[in-house]
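*Asks:* File follows, upload-v9.pdb with PDB, C-alpha atoms and all ligand atoms:
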```pdb
MODEL        1
ATOM      1  CA  MET R   1      25.344  11.033  -4.847
ATOM      2  CA  GLU R   2      24.284  13.751  -7.273
ATOM      3  CA  LYS R   3      25.430  11.629 -10.188
ATOM      4  CA  SER R   4      23.371   8.606  -9.192
ATOM      5  CA  TYR R   5      20.295  10.813  -8.760
ATOM      6  CA  LYS R   6      20.705  12.322 -12.224
ATOM      7  CA  GLN R   7      21.168   8.844 -13.604
ATOM      8  CA  LEU R   8      17.492   8.140 -12.868
ATOM      9  CA  LEU R   9      16.427  10.898 -15.259
ATOM     10  CA  GLU R  10      18.832   9.610 -17.867
ATOM     11  CA  ASN R  11      17.386   6.123 -17.420
ATOM     12  CA  ASN R  12      13.914   7.551 -17.923
ATOM     13  CA  LYS R  13      14.844   9.100 -21.281
ATOM     14  CA  LYS R  14      16.350   5.809 -22.390
ATOM     15  CA  TRP R  15      13.254   3.903 -21.315
ATOM     16  CA  VAL R  16      10.937   6.277 -23.217
ATOM     17  CA  ALA R  17      13.029   5.833 -26.357
ATOM     18  CA  GLU R  18      12.925   2.046 -25.995
ATOM     19  CA  GLN R  19       9.166   1.975 -25.571
ATOM     20  CA  LEU R  20       8.609   4.239 -28.567
ATOM     21  CA  GLU R  21      10.889   2.079 -30.668
ATOM     22  CA  GLN R  22       8.679  -0.938 -29.937
ATOM     23  CA  ASP R  23       5.400   0.958 -30.288
ATOM     24  CA  PRO R  24       5.258   4.582 -31.437
ATOM     25  CA  HIS R  25       1.778   4.912 -29.875
ATOM     26  CA  TYR R  26       2.697   3.357 -26.511
ATOM     27  CA  PHE R  27       2.241   6.473 -24.370
ATOM     28  CA  GLU R  28      -0.683   7.764 -26.423
ATOM     29  CA  LYS R  29      -2.548   4.557 -25.611
ATOM     30  CA  LEU R  30      -1.671   4.693 -21.904
ATOM     31  CA  ALA R  31      -2.782   8.313 -21.699
ATOM     32  CA  LYS R  32      -6.327   7.292 -22.654
ATOM     33  CA  GLY R  33      -6.943   5.617 -19.288
ATOM     34  CA  GLN R  34      -6.430   2.533 -17.204
ATOM     35  CA  THR R  35      -8.359  -0.717 -16.810
ATOM     36  CA  PRO R  36      -6.131  -2.785 -14.532
ATOM     37  CA  GLU R  37      -7.349  -6.252 -13.528
ATOM     38  CA  TYR R  38      -5.330  -6.375 -10.333
ATOM     39  CA  LEU R  39      -4.953  -4.460  -7.117
ATOM     40  CA  TRP R  40      -1.632  -5.187  -5.445
ATOM     41  CA  ILE R  41      -1.181  -4.563  -1.734
ATOM     42  CA  GLY R  42       2.482  -5.099  -0.985
ATOM     43  CA  CYS R  43       5.360  -4.071   1.241
ATOM     44  CA  SER R  44       7.292  -0.847   0.652
ATOM     45  CA  ASP R  45      10.495  -2.888   0.663
ATOM     46  CA  SER R  46      12.678  -1.846  -2.309
ATOM     47  CA  ARG R  47      13.315  -5.498  -3.172
ATOM     48  CA  VAL R  48       9.657  -6.264  -3.937
ATOM     49  CA  PRO R  49       8.676  -4.285  -7.063
ATOM     50  CA  ALA R  50       5.128  -5.360  -7.965
ATOM     51  CA  ASN R  51       5.371  -5.088 -11.769
ATOM     52  CA  GLN R  52       8.814  -6.575 -12.242
ATOM     53  CA  ILE R  53       8.259  -9.741 -10.217
ATOM     54  CA  THR R  54       4.904 -10.466 -11.873
ATOM     55  CA  GLY R  55       5.867  -9.600 -15.433
ATOM     56  CA  THR R  56       3.176  -6.924 -15.597
ATOM     57  CA  GLN R  57       3.350  -3.623 -17.449
ATOM     58  CA  PRO R  58       2.177  -0.066 -16.832
ATOM     59  CA  GLY R  59      -1.628  -0.185 -16.888
ATOM     60  CA  ASP R  60      -1.894  -3.762 -15.598
ATOM     61  CA  MET R  61      -1.823  -3.259 -11.862
ATOM     62  CA  PHE R  62      -3.181  -0.732  -9.355
ATOM     63  CA  VAL R  63      -0.697  -0.624  -6.498
ATOM     64  CA  HIS R  64      -0.748   0.186  -2.798
ATOM     65  CA  ARG R  65       2.352  -0.349  -0.699
ATOM     66  CA  ASN R  66       3.110   0.229   2.937
ATOM     67  CA  ILE R  67       5.374  -1.237   5.583
ATOM     68  CA  ALA R  68       4.601  -4.962   5.894
ATOM     69  CA  ASN R  69       1.648  -4.908   3.416
ATOM     70  CA  MET R  70      -0.931  -4.093   6.069
ATOM     71  CA  VAL R  71      -4.686  -3.709   5.662
ATOM     72  CA  VAL R  72      -5.492  -1.388   8.548
ATOM     73  CA  HIS R  73      -9.214  -0.730   8.416
ATOM     74  CA  SER R  74      -8.907   2.867   9.644
ATOM     75  CA  ASP R  75      -6.180   3.726   7.102
ATOM     76  CA  MET R  76      -7.807   6.264   4.768
ATOM     77  CA  ASN R  77      -5.057   5.785   2.209
ATOM     78  CA  MET R  78      -5.593   2.024   1.948
ATOM     79  CA  LEU R  79      -9.399   2.379   2.007
ATOM     80  CA  SER R  80      -9.359   5.006  -0.740
ATOM     81  CA  VAL R  81      -7.146   2.847  -2.944
ATOM     82  CA  LEU R  82      -9.331  -0.201  -2.276
ATOM     83  CA  SER R  83     -12.557   1.693  -2.910
ATOM     84  CA  TYR R  84     -11.339   3.172  -6.194
ATOM     85  CA  ALA R  85      -9.863  -0.121  -7.377
ATOM     86  CA  VAL R  86     -12.973  -2.181  -6.587
ATOM     87  CA  GLU R  87     -15.824   0.269  -7.169
ATOM     88  CA  VAL R  88     -14.525   2.331 -10.084
ATOM     89  CA  LEU R  89     -11.795   0.319 -11.827
ATOM     90  CA  LYS R  90     -13.580  -2.943 -11.001
ATOM     91  CA  VAL R  91     -10.421  -4.989 -10.596
ATOM     92  CA  LYS R  92     -10.993  -8.743 -10.621
ATOM     93  CA  HIS R  93      -8.250  -9.709  -8.171
ATOM     94  CA  VAL R  94      -6.941  -8.137  -5.006
ATOM     95  CA  ILE R  95      -3.566  -9.579  -4.041
ATOM     96  CA  VAL R  96      -1.945  -9.114  -0.659
ATOM     97  CA  CYS R  97       1.700  -9.982  -1.225
ATOM     98  CA  GLY R  98       3.992 -10.255   1.778
ATOM     99  CA  HIS R  99       7.609 -11.286   1.598
ATOM    100  CA  TYR R 100      10.116 -13.289   3.595
ATOM    101  CA  GLU R 101      12.913 -11.245   5.205
ATOM    102  CA  CYS R 102      10.371  -8.490   5.906
ATOM    103  CA  GLY R 103      11.963  -5.948   8.235
ATOM    104  CA  GLY R 104       8.578  -4.750   9.497
ATOM    105  CA  VAL R 105       7.457  -8.239  10.445
ATOM    106  CA  SER R 106      10.809  -9.034  12.094
ATOM    107  CA  ALA R 107      10.721  -5.786  14.071
ATOM    108  CA  ALA R 108       7.207  -6.650  15.280
ATOM    109  CA  MET R 109       8.627  -9.855  16.799
ATOM    110  CA  GLU R 110      11.179  -7.889  18.805
ATOM    111  CA  ASN R 111      10.954  -5.554  21.795
ATOM    112  CA  LYS R 112      13.238  -2.829  20.510
ATOM    113  CA  GLN R 113      11.831   0.701  20.091
ATOM    114  CA  TYR R 114      12.024   2.193  16.594
ATOM    115  CA  GLY R 115      10.102   5.410  17.215
ATOM    116  CA  LEU R 116       6.853   6.459  15.543
ATOM    117  CA  ILE R 117       6.797   3.332  13.415
ATOM    118  CA  ASP R 118       6.173   1.289  16.591
ATOM    119  CA  ASN R 119       2.538   2.382  16.301
ATOM    120  CA  TRP R 120       2.302   0.908  12.816
ATOM    121  CA  LEU R 121       4.109  -2.260  13.879
ATOM    122  CA  ARG R 122       1.575  -2.642  16.694
ATOM    123  CA  HIS R 123      -0.923  -3.926  14.125
ATOM    124  CA  ILE R 124       1.525  -6.713  13.279
ATOM    125  CA  LYS R 125       2.092  -7.472  16.949
ATOM    126  CA  ASP R 126      -1.672  -7.983  17.254
ATOM    127  CA  VAL R 127      -1.384 -10.677  14.568
ATOM    128  CA  TYR R 128       1.475 -12.257  16.530
ATOM    129  CA  LYS R 129      -0.712 -12.444  19.607
ATOM    130  CA  MET R 130      -3.449 -14.212  17.638
ATOM    131  CA  TYR R 131      -1.003 -16.880  16.465
ATOM    132  CA  HIS R 132       1.400 -16.869  19.434
ATOM    133  CA  ARG R 133       0.994 -20.550  20.293
ATOM    134  CA  GLU R 134       1.736 -21.698  16.768
ATOM    135  CA  LEU R 135       4.584 -19.213  16.359
ATOM    136  CA  GLU R 136       6.241 -19.905  19.688
ATOM    137  CA  GLY R 137       6.108 -23.610  18.872
ATOM    138  CA  ILE R 138       8.702 -22.913  16.169
ATOM    139  CA  ALA R 139      12.103 -22.878  17.896
ATOM    140  CA  ASP R 140      14.136 -21.631  14.921
ATOM    141  CA  GLU R 141      13.836 -17.856  14.812
ATOM    142  CA  LYS R 142      14.182 -17.617  11.030
ATOM    143  CA  LEU R 143      11.479 -20.218  10.454
ATOM    144  CA  ARG R 144       9.268 -18.486  13.015
ATOM    145  CA  ALA R 145       9.689 -15.186  11.162
ATOM    146  CA  ARG R 146       8.748 -16.908   7.884
ATOM    147  CA  LYS R 147       5.591 -18.342   9.437
ATOM    148  CA  PHE R 148       4.789 -14.943  10.925
ATOM    149  CA  VAL R 149       5.053 -13.389   7.449
ATOM    150  CA  GLU R 150       2.578 -15.990   6.134
ATOM    151  CA  VAL R 151      -0.020 -15.647   8.898
ATOM    152  CA  ASN R 152       0.270 -11.877   8.676
ATOM    153  CA  VAL R 153      -0.664 -12.030   4.977
ATOM    154  CA  MET R 154      -3.583 -14.322   5.807
ATOM    155  CA  GLU R 155      -4.903 -11.872   8.392
ATOM    156  CA  GLN R 156      -4.651  -8.991   5.928
ATOM    157  CA  VAL R 157      -6.667 -11.054   3.421
ATOM    158  CA  TYR R 158      -9.342 -11.588   6.095
ATOM    159  CA  ASP R 159      -9.273  -7.901   6.963
ATOM    160  CA  LEU R 160      -9.966  -7.038   3.319
ATOM    161  CA  CYS R 161     -12.936  -9.420   3.293
ATOM    162  CA  LYS R 162     -14.300  -7.716   6.426
ATOM    163  CA  THR R 163     -14.625  -4.391   4.585
ATOM    164  CA  THR R 164     -17.976  -3.290   3.174
ATOM    165  CA  ILE R 165     -16.107  -2.381  -0.019
ATOM    166  CA  ILE R 166     -15.265  -6.019  -0.780
ATOM    167  CA  GLN R 167     -18.526  -7.414   0.615
ATOM    168  CA  ASN R 168     -20.684  -5.034  -1.440
ATOM    169  CA  ALA R 169     -18.848  -6.031  -4.605
ATOM    170  CA  TRP R 170     -19.683  -9.673  -3.878
ATOM    171  CA  LYS R 171     -23.291  -8.781  -3.114
ATOM    172  CA  ASN R 172     -23.497  -7.045  -6.493
ATOM    173  CA  ALA R 173     -22.225 -10.243  -8.137
ATOM    174  CA  GLN R 174     -19.054  -8.470  -9.227
ATOM    175  CA  PRO R 175     -16.371 -11.080  -9.945
ATOM    176  CA  LEU R 176     -13.720 -10.425  -7.326
ATOM    177  CA  ALA R 177     -11.174 -12.712  -5.686
ATOM    178  CA  VAL R 178      -8.927 -11.810  -2.769
ATOM    179  CA  HIS R 179      -5.606 -13.668  -2.635
ATOM    180  CA  GLY R 180      -2.673 -14.061  -0.240
ATOM    181  CA  TRP R 181       0.856 -14.485  -1.604
ATOM    182  CA  VAL R 182       4.378 -14.440  -0.203
ATOM    183  CA  TYR R 183       7.396 -13.401  -2.248
ATOM    184  CA  SER R 184      10.786 -14.842  -1.455
ATOM    185  CA  VAL R 185      13.495 -12.215  -1.711
ATOM    186  CA  GLY R 186      16.119 -14.984  -1.656
ATOM    187  CA  ASP R 187      15.026 -16.809  -4.824
ATOM    188  CA  GLY R 188      12.509 -14.499  -6.494
ATOM    189  CA  LEU R 189       9.627 -16.958  -6.350
ATOM    190  CA  ILE R 190       6.070 -16.179  -5.244
ATOM    191  CA  LYS R 191       4.189 -18.695  -3.135
ATOM    192  CA  ASP R 192       0.388 -18.717  -3.296
ATOM    193  CA  LEU R 193      -0.885 -19.290   0.259
ATOM    194  CA  ASN R 194      -4.166 -20.612  -1.172
ATOM    195  CA  VAL R 195      -6.320 -18.403   1.025
ATOM    196  CA  THR R 196      -8.372 -17.106  -1.889
ATOM    197  CA  PHE R 197     -11.779 -15.651  -1.012
ATOM    198  CA  THR R 198     -14.575 -15.114  -3.536
ATOM    199  CA  ASN R 199     -17.369 -14.640  -0.993
ATOM    200  CA  GLU R 200     -17.844 -13.905   2.700
ATOM    201  CA  LYS R 201     -19.082 -17.400   3.657
ATOM    202  CA  GLU R 202     -16.068 -18.294   5.789
ATOM    203  CA  LEU R 203     -16.053 -15.055   7.759
ATOM    204  CA  HIS R 204     -17.316 -15.034  11.317
ATOM    205  CA  SER R 205     -20.949 -13.882  11.299
ATOM    206  CA  VAL R 206     -20.145 -10.719  13.256
ATOM    207  CA  TYR R 207     -18.217  -9.384  10.219
ATOM    208  CA  LYS R 208     -20.950 -10.078   7.663
ATOM    209  CA  TYR R 209     -22.841  -6.941   6.669
ATOM    210  CA  LYS R 210     -26.396  -6.939   5.400
ATOM    211  CA  VAL R 211     -27.262  -5.532   2.008
ATOM    212  CA  GLN R 212     -27.700  -1.798   2.319
TER     213      GLN R 212
HETATM  214 CO    CO R 301       8.606  -5.893   4.159
ENDMDL
END
```
Would you kindly transcribe this structure into structure tokens?

*Replies:*
Amino acid sequence: MEKSYKQLLENNKKWVAEQLEQDPHYFEKLAKGQTPEYLWIGCSDSRVPANQITGTQPGDMFVHRNIANMVVHSDMNMLSVLSYAVEVLKVKHVIVCGHYECGGVSAAMENKQYGLIDNWLRHIKDVYKMYHRELEGIADEKLRARKFVEVNVMEQVYDLCKTTIIQNAWKNAQPLAVHGWVYSVGDGLIKDLNVTFTNEKELHSVYKYKVQ
């Protein structure tokens, strides 16, 4: 236990040495600031590391992760990350990336109690209710869970577009696209759900804010 924990610090020293060998100014450059093009909203699942699976490096991606990659519009953490990424860093792409075999999504399909987390999973249950006909039409439980993962990502994409943060960026003609992806833990591939938004046109009128 103790050994494996100390190993992380050893790994860090090795990594620093490797980076410096490739570029002696690597950390000097990073210390000057960040201009990432992407905001990643993903699951906390240890099998879905944002940088590794997209071949991106430190400085490339601003990252927010929570259980089941949720965009809960009263979540101050998510809103602060989104606001900073869009308004200050001016990222060009916001990517919601879900993943198959998501424990949070599976738990939201069940009736078992897990404790405090049930309140977080409630947001996912609300998505289930919206799509219950389509989901219950899928007899195979595994396939139903996969579909649930996909529609959950789609709803989180819509929820991002409903925020004034995203809408104001579009109103200011800031180039910004919101995407929905699903990562497959089983084969490592990312599927683009093709639910990319670059304006609020497709949103229901009740969610469209006027220019302030
Ligand atoms: Co997950």

*Asks:* Kindly resolve the PyMOL selection byres (((not hetatm)) within 10 of (chain R and resi 301)) on the present coordinates and return the residues as a PyMOL selection string.

*Replies:* chain R and resi 42-48+65-70+97-106+149+183+185

*Asks:* Leaving out Ser83 in chain R and any residue of its chain fewer than 2 positions from it, which residues lie within 12 Å of it when counting all atoms listed in the file, given as a PyMOL selection string?

*Replies:* chain R and resi 39+62+64+76-81+85-91+94+160+163-169

*Asks:* Pick from R:Lys92, R:Val72, R:Gly186, R:Leu82: nearest to Asn152 in chain R, with all atoms listed in the file counted?

*Replies:*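 Counting all atoms listed in the file, the residue closest to Asn152 in chain R is R:Val72.
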
*Asks:* Need to verify the contact set: Glu200 in chain R, 12 Å, only C-alpha atoms, exclusion of same-chain residues closer than 2 positions in sequence. Can you return it as number ranges by chain?

*Replies:* R: 157-171, 176-178, 196-198, 202-210

*Asks:* Determine the nearest neighbour of Glu136 in chain R from the options R:Pro175, R:Tyr5, R:Ile53, R:Met109, counting only C-alpha atoms.

*Replies:* R:Met109

*Asks:* In Å, rounded to a single decimal, give me how far CA of Ile124 in chain R is from CA of Asn111 in chain R.

*Replies:*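 Taking CA of Asn111 in chain R and CA of Ile124 in chain R, their separation equals 12.8 Å.
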
*Asks:* Between R:Leu8, R:Ile95, R:Val211, R:Lys29, which one has atoms that come closest to Ile190 in chain R, using only C-alpha atoms?

*Replies:*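 Answer, going by the shortest atom-to-atom distance: R:Ile95.
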
*Asks:* Given the file above and the PyMOL selection byres (((chain R and resi 128-132) around 10) and not hetatm), which residues are selected, and can you give them as a PyMOL selection string?

*Replies:* chain R and resi 105+108-109+122-127+133-137+147-149+151-152+155

*Asks:* How would you write, as a PyMOL selection string, the residues chosen by the PyMOL selection byres (((chain R and resi 180) around 6) and not hetatm) on this structure?

*Replies:* chain R and resi 95-96+153+179+181+193+195

*Asks:* Have a look at CA of Phe27 in chain R and CA of Gly59 in chain R and let me know their distance in Å, one decimal.

*Replies:*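 Distance between the two atoms: 10.7 Å.
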
*Asks:* Could you state the separation of CA of His93 in chain R and CA of Glu37 in chain R in Å, given to one decimal place?

*Replies:*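 CA of Glu37 in chain R lies 6.4 Å from CA of His93 in chain R.
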
*Asks:* Please write out, as AutoDock Vina command-line options, where the centre of an axis-aligned box around all listed atoms of range 47-60 of chain R lies and how long its edges are, in Å to one decimal, after adding 6 Å on each side.

*Replies:*
```
--center_x 5.7 --center_y -5.3 --center_z -10.3 --size_x 27.2 --size_y 22.4 --size_z 26.3
```

*Asks:* Tell me which of R:Pro49, R:Gly188, R:Gly115, R:Pro58 sits closest to Tyr26 in chain R, counting only C-alpha atoms.

*Replies:* R:Pro58
